[in-house]
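A.B. asks: If it helps, the file is called start.tsv and holds TSV, C-alpha atoms:
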chain	number	residue	atom	x	y	z
A	1	MET	CA	-13.68	32.48	28.04
A	2	SER	CA	-10.07	32.00	27.12
A	3	ASN	CA	-7.42	34.61	27.64
A	4	PRO	CA	-5.39	35.17	24.43
A	5	LYS	CA	-2.32	36.16	26.47
A	6	LEU	CA	-2.07	32.81	28.27
A	7	PRO	CA	0.19	30.20	26.61
A	8	ARG	CA	-1.56	27.24	25.04
A	9	PRO	CA	-0.96	23.80	26.56
A	10	ALA	CA	1.78	21.81	24.79
A	11	LEU	CA	-0.66	19.24	23.41
A	12	LEU	CA	-2.69	21.90	21.66
A	13	ARG	CA	0.23	23.88	20.33
A	14	GLU	CA	0.81	23.63	16.57
A	15	PRO	CA	4.27	22.47	15.52
A	16	SER	CA	6.64	25.10	14.22
A	17	ARG	CA	6.82	25.45	10.46
A	18	GLY	CA	10.10	23.46	10.24
A	19	GLN	CA	8.80	20.64	12.45
A	20	SER	CA	5.62	20.32	10.40
A	21	HIS	CA	7.50	20.00	7.10
A	22	ARG	CA	10.07	17.54	8.53
A	23	ARG	CA	7.33	15.33	9.90
A	24	ARG	CA	5.43	15.40	6.61
A	25	TRP	CA	8.53	14.47	4.55
A	26	LEU	CA	9.42	11.75	7.04
A	27	VAL	CA	5.98	10.17	6.63
A	28	ILE	CA	6.02	10.47	2.83
A	29	GLY	CA	9.61	9.20	2.56
A	30	GLY	CA	8.89	6.26	4.86
A	31	ALA	CA	5.84	5.28	2.82
A	32	LEU	CA	7.72	5.47	-0.48
A	33	THR	CA	10.73	3.59	0.87
A	34	GLY	CA	8.50	0.81	2.19
A	35	LEU	CA	6.73	0.57	-1.16
A	36	SER	CA	9.94	0.37	-3.17
A	37	PHE	CA	11.58	-2.26	-0.94
A	38	THR	CA	8.39	-4.34	-0.79
A	39	GLN	CA	7.94	-4.35	-4.55
A	40	ALA	CA	11.61	-5.05	-5.26
A	41	THR	CA	11.59	-7.94	-2.82
A	42	VAL	CA	8.37	-9.39	-4.22
A	43	ALA	CA	9.48	-9.04	-7.84
A	44	ALA	CA	13.04	-10.32	-7.38
A	45	GLY	CA	12.35	-13.88	-8.61
A	46	THR	CA	9.01	-13.59	-10.31
A	47	LEU	CA	7.49	-13.92	-13.74
A	48	PRO	CA	4.03	-12.91	-14.98
A	49	ARG	CA	1.38	-15.32	-13.62
A	50	ALA	CA	-1.91	-16.79	-14.80
A	51	GLY	CA	-1.96	-15.40	-18.34
A	52	THR	CA	-4.94	-16.20	-20.56
A	53	TYR	CA	-5.66	-15.04	-24.11
A	54	VAL	CA	-9.07	-13.32	-24.03
A	55	ALA	CA	-8.89	-12.01	-27.63
A	56	GLY	CA	-6.79	-13.30	-30.51
A	57	THR	CA	-4.80	-16.51	-30.24
A	58	GLY	CA	-1.42	-17.55	-28.96
A	59	THR	CA	0.54	-19.67	-26.52
A	60	ILE	CA	2.30	-18.91	-23.25
A	61	ALA	CA	5.15	-21.24	-22.34
A	62	GLY	CA	7.66	-21.32	-19.50
A	63	ASN	CA	11.31	-21.55	-20.47
A	64	GLY	CA	13.65	-21.77	-17.45
A	65	ASN	CA	13.87	-18.25	-16.01
A	66	GLY	CA	11.55	-16.88	-18.63
A	67	LEU	CA	8.31	-16.94	-20.55
A	68	VAL	CA	7.87	-17.08	-24.31
A	69	ILE	CA	4.57	-15.80	-25.67
A	70	THR	CA	3.93	-16.72	-29.30
A	71	GLN	CA	1.13	-15.09	-31.27
A	72	PRO	CA	1.07	-16.86	-34.65
A	73	GLY	CA	-1.37	-15.90	-37.37
A	74	SER	CA	-2.83	-13.14	-35.24
A	75	THR	CA	-1.90	-9.54	-35.72
A	76	ARG	CA	-3.40	-8.52	-32.38
A	77	GLY	CA	-3.98	-10.29	-29.08
A	78	VAL	CA	-5.16	-9.48	-25.57
A	79	ILE	CA	-3.87	-11.38	-22.52
A	80	ASP	CA	-5.28	-11.00	-19.01
A	81	TRP	CA	-2.71	-11.68	-16.25
A	82	ASP	CA	-3.11	-12.08	-12.50
A	83	SER	CA	0.28	-10.37	-12.08
A	84	PHE	CA	2.88	-9.05	-14.50
A	85	SER	CA	6.27	-8.56	-12.86
A	86	ILE	CA	9.67	-9.72	-14.10
A	87	GLY	CA	12.48	-10.50	-11.64
A	88	ARG	CA	16.02	-9.24	-12.15
A	89	HIS	CA	17.43	-12.40	-13.80
A	90	ASN	CA	14.24	-13.33	-15.67
A	91	SER	CA	12.93	-12.53	-19.14
A	92	VAL	CA	9.66	-12.42	-21.04
A	93	MET	CA	9.71	-12.58	-24.85
A	94	PHE	CA	6.70	-11.83	-27.08
A	95	ASP	CA	7.01	-13.31	-30.55
A	96	ASN	CA	4.12	-11.31	-32.00
A	97	GLY	CA	5.49	-10.65	-35.49
A	98	SER	CA	4.80	-7.05	-36.45
A	99	GLY	CA	1.51	-7.19	-34.56
A	100	ALA	CA	0.51	-5.95	-31.13
A	101	THR	CA	-0.19	-7.57	-27.77
A	102	LEU	CA	-2.17	-5.93	-24.98
A	103	ASN	CA	-1.34	-7.24	-21.51
A	104	ARG	CA	-3.93	-6.37	-18.87
A	105	VAL	CA	-3.12	-6.98	-15.19
A	106	THR	CA	-6.23	-7.88	-13.19
A	107	GLY	CA	-4.58	-8.62	-9.82
A	108	GLY	CA	-4.12	-6.03	-7.11
A	109	SER	CA	-0.38	-5.34	-7.21
A	110	PRO	CA	1.80	-3.04	-9.33
A	111	SER	CA	3.99	-4.43	-12.10
A	112	VAL	CA	7.72	-4.23	-11.45
A	113	ILE	CA	10.05	-4.88	-14.40
A	114	LEU	CA	13.54	-5.65	-13.12
A	115	GLY	CA	14.49	-8.15	-15.84
A	116	ARG	CA	14.18	-8.19	-19.63
A	117	LEU	CA	10.90	-7.61	-21.51
A	118	SER	CA	11.07	-7.89	-25.30
A	119	ALA	CA	8.76	-8.17	-28.29
A	120	THR	CA	9.10	-8.41	-32.04
A	121	GLY	CA	6.11	-6.05	-32.48
A	122	ASN	CA	4.14	-3.58	-30.35
A	123	LEU	CA	3.63	-4.23	-26.65
A	124	TYR	CA	1.11	-2.66	-24.27
A	125	VAL	CA	0.93	-3.23	-20.51
A	126	ILE	CA	-2.07	-1.93	-18.57
A	127	ASN	CA	-2.08	-2.12	-14.78
A	128	PRO	CA	-4.37	0.15	-12.74
A	129	GLN	CA	-1.98	-0.31	-9.77
A	130	GLY	CA	0.99	1.09	-11.72
A	131	ILE	CA	4.03	-0.07	-13.69
A	132	VAL	CA	7.67	0.48	-12.70
A	133	VAL	CA	10.69	-0.31	-14.84
A	134	GLY	CA	13.54	-0.56	-12.33
A	135	PRO	CA	17.21	0.27	-12.84
A	136	SER	CA	18.02	-3.28	-14.00
A	137	GLY	CA	14.91	-3.51	-16.19
A	138	VAL	CA	15.29	-3.57	-19.98
A	139	VAL	CA	12.44	-3.14	-22.46
A	140	SER	CA	13.05	-3.65	-26.17
A	141	THR	CA	10.43	-3.97	-28.90
A	142	GLY	CA	10.25	-3.99	-32.66
A	143	GLY	CA	7.53	-1.33	-32.40
A	144	ARG	CA	5.90	0.65	-29.62
A	145	PHE	CA	5.97	0.03	-25.90
A	146	VAL	CA	3.18	1.63	-23.89
A	147	ALA	CA	2.67	1.22	-20.13
A	148	SER	CA	-0.49	2.73	-18.68
A	149	THR	CA	-2.85	2.68	-15.72
A	150	LEU	CA	-5.79	3.51	-18.02
A	151	ASP	CA	-7.74	0.63	-19.55
A	152	VAL	CA	-9.04	0.13	-23.08
A	153	CYS	CA	-11.78	-2.28	-24.12
A	154	ASN	CA	-10.76	-5.41	-26.03
A	155	CYS	CA	-12.92	-4.54	-29.05
A	156	ALA	CA	-11.27	-1.11	-29.49
A	157	PHE	CA	-7.79	-2.64	-29.25
A	158	MET	CA	-8.55	-5.55	-31.60
A	159	THR	CA	-9.95	-3.23	-34.29
A	160	GLY	CA	-6.96	-0.93	-34.03
What would the structure in this file look like if it were written as structure tokens?
C.D. replies:
Amino acid sequence: MSNPKLPRPALLREPSRGQSHRRRWLVIGGALTGLSFTQATVAAGTLPRAGTYVAGTGTIAGNGNGLVITQPGSTRGVIDWDSFSIGRHNSVMFDNGSGATLNRVTGGSPSVILGRLSATGNLYVINPQGIVVGPSGVVSTGGRFVASTLDVCNCAFMTG
């Protein structure tokens, strides 16, 4: 039997309330800091990769530090990407008229927008891993911009 009046060994003692909270915030802060530096470093010189139209029609072309996506004759289009990040000095332009383009990220990393993302119409970006528009990131569209971690099926998007 244990005696309640005897002090507990140091290894079994619970940390004081202040120590517990400091340790918790240190762990959370360290994890968030590591995530932000890692993503900023990875996205610094990148552009979206491996884009393929899976509904609708269009073209994806490299242009120096940017991509130009043209969606002629199609009011709606769906593109699956392996990754969708834009580095600080890079740009991605969607020439989709007054239509809409759904961009679905199928790779395993978050999207980090540090450069310029623009569209003539509506633009949707879906990434289950998350989407961050950084302090140097600029998004401008002729319609709506929606960034989400929730998916939508191609048929629902294409029918409006």
A.B. asks: Show which residues sit within 8 Å of Val125 (chain A), as a list in words. Count all atoms listed in the file, and ignore same-chain residues fewer than 4 positions away.
C.D. replies: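 Once the nearby chain positions are removed, what remains is Leu102, Asn103, Arg104, Val105, Val146, Ala147 and Ser148 of chain A.
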A.B. asks: Next, write the just-selected residues to a file, as a PDB file, in the coordinates of the input, keeping C-alpha atoms as the atom set.
C.D. replies:
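Written output follows (part_30.pdb):
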ATOM      1  CA  LEU A 102      -2.170  -5.930 -24.980  1.00  0.00           C
ATOM      2  CA  ASN A 103      -1.340  -7.240 -21.510  1.00  0.00           C
ATOM      3  CA  ARG A 104      -3.930  -6.370 -18.870  1.00  0.00           C
ATOM      4  CA  VAL A 105      -3.120  -6.980 -15.190  1.00  0.00           C
ATOM      5  CA  VAL A 146       3.180   1.630 -23.890  1.00  0.00           C
ATOM      6  CA  ALA A 147       2.670   1.220 -20.130  1.00  0.00           C
ATOM      7  CA  SER A 148      -0.490   2.730 -18.680  1.00  0.00           C
TER       8      SER A 148
END
A.B. asks: Quick one: residues within 7 Å of Leu67 (chain A), only C-alpha atoms counted, chain neighbours fewer than 4 positions away excluded, as a list in words?
C.D. replies: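 Result of the neighbour search: Ile60, Ala61, Gly62, Asn63, Ser91, Val92 and Met93 of chain A.
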A.B. asks: Return the single residue from A:Thr75, A:Ser85, A:Thr159, A:Thr106 that is closest to Asn122 (chain A), with distances computed using all atoms listed in the file.
C.D. replies: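 Smallest distance to Asn122 (chain A) is found for A:Thr75.
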A.B. asks: Please check which residues have atoms at most 10 Å from (10.2, -1.6, -11.8) in the file's coordinates, counting only C-alpha atoms, and write them as an mmCIF file with C-alpha atoms, in the coordinates of the input.
C.D. replies:
data_model
loop_
_atom_site.group_PDB
_atom_site.id
_atom_site.type_symbol
_atom_site.label_atom_id
_atom_site.label_comp_id
_atom_site.auth_asym_id
_atom_site.auth_seq_id
_atom_site.Cartn_x
_atom_site.Cartn_y
_atom_site.Cartn_z
ATOM 1 C CA SER A 36 9.940 0.370 -3.170
ATOM 2 C CA GLN A 39 7.940 -4.350 -4.550
ATOM 3 C CA ALA A 40 11.610 -5.050 -5.260
ATOM 4 C CA ALA A 43 9.480 -9.040 -7.840
ATOM 5 C CA SER A 85 6.270 -8.560 -12.860
ATOM 6 C CA ILE A 86 9.670 -9.720 -14.100
ATOM 7 C CA GLY A 87 12.480 -10.500 -11.640
ATOM 8 C CA ARG A 88 16.020 -9.240 -12.150
ATOM 9 C CA PRO A 110 1.800 -3.040 -9.330
ATOM 10 C CA SER A 111 3.990 -4.430 -12.100
ATOM 11 C CA VAL A 112 7.720 -4.230 -11.450
ATOM 12 C CA ILE A 113 10.050 -4.880 -14.400
ATOM 13 C CA LEU A 114 13.540 -5.650 -13.120
ATOM 14 C CA GLY A 115 14.490 -8.150 -15.840
ATOM 15 C CA GLY A 130 0.990 1.090 -11.720
ATOM 16 C CA ILE A 131 4.030 -0.070 -13.690
ATOM 17 C CA VAL A 132 7.670 0.480 -12.700
ATOM 18 C CA VAL A 133 10.690 -0.310 -14.840
ATOM 19 C CA GLY A 134 13.540 -0.560 -12.330
ATOM 20 C CA PRO A 135 17.210 0.270 -12.840
ATOM 21 C CA SER A 136 18.020 -3.280 -14.000
ATOM 22 C CA GLY A 137 14.910 -3.510 -16.190
ATOM 23 C CA VAL A 138 15.290 -3.570 -19.980
#
A.B. asks: Which residue out of A:Leu117, A:Ala100, A:Ile126, A:Val68 has the minimum interatomic distance to Trp81 (chain A) when only C-alpha atoms are used?
C.D. replies: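 The answer is A:Ile126, which sits nearest to Trp81 (chain A).
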A.B. asks: Just how far from CA of Thr59 (chain A) is CA of Asp82 (chain A), in Å to one decimal?
C.D. replies: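 Pair CA of Asp82 (chain A) / CA of Thr59 (chain A) returns 16.4 Å.
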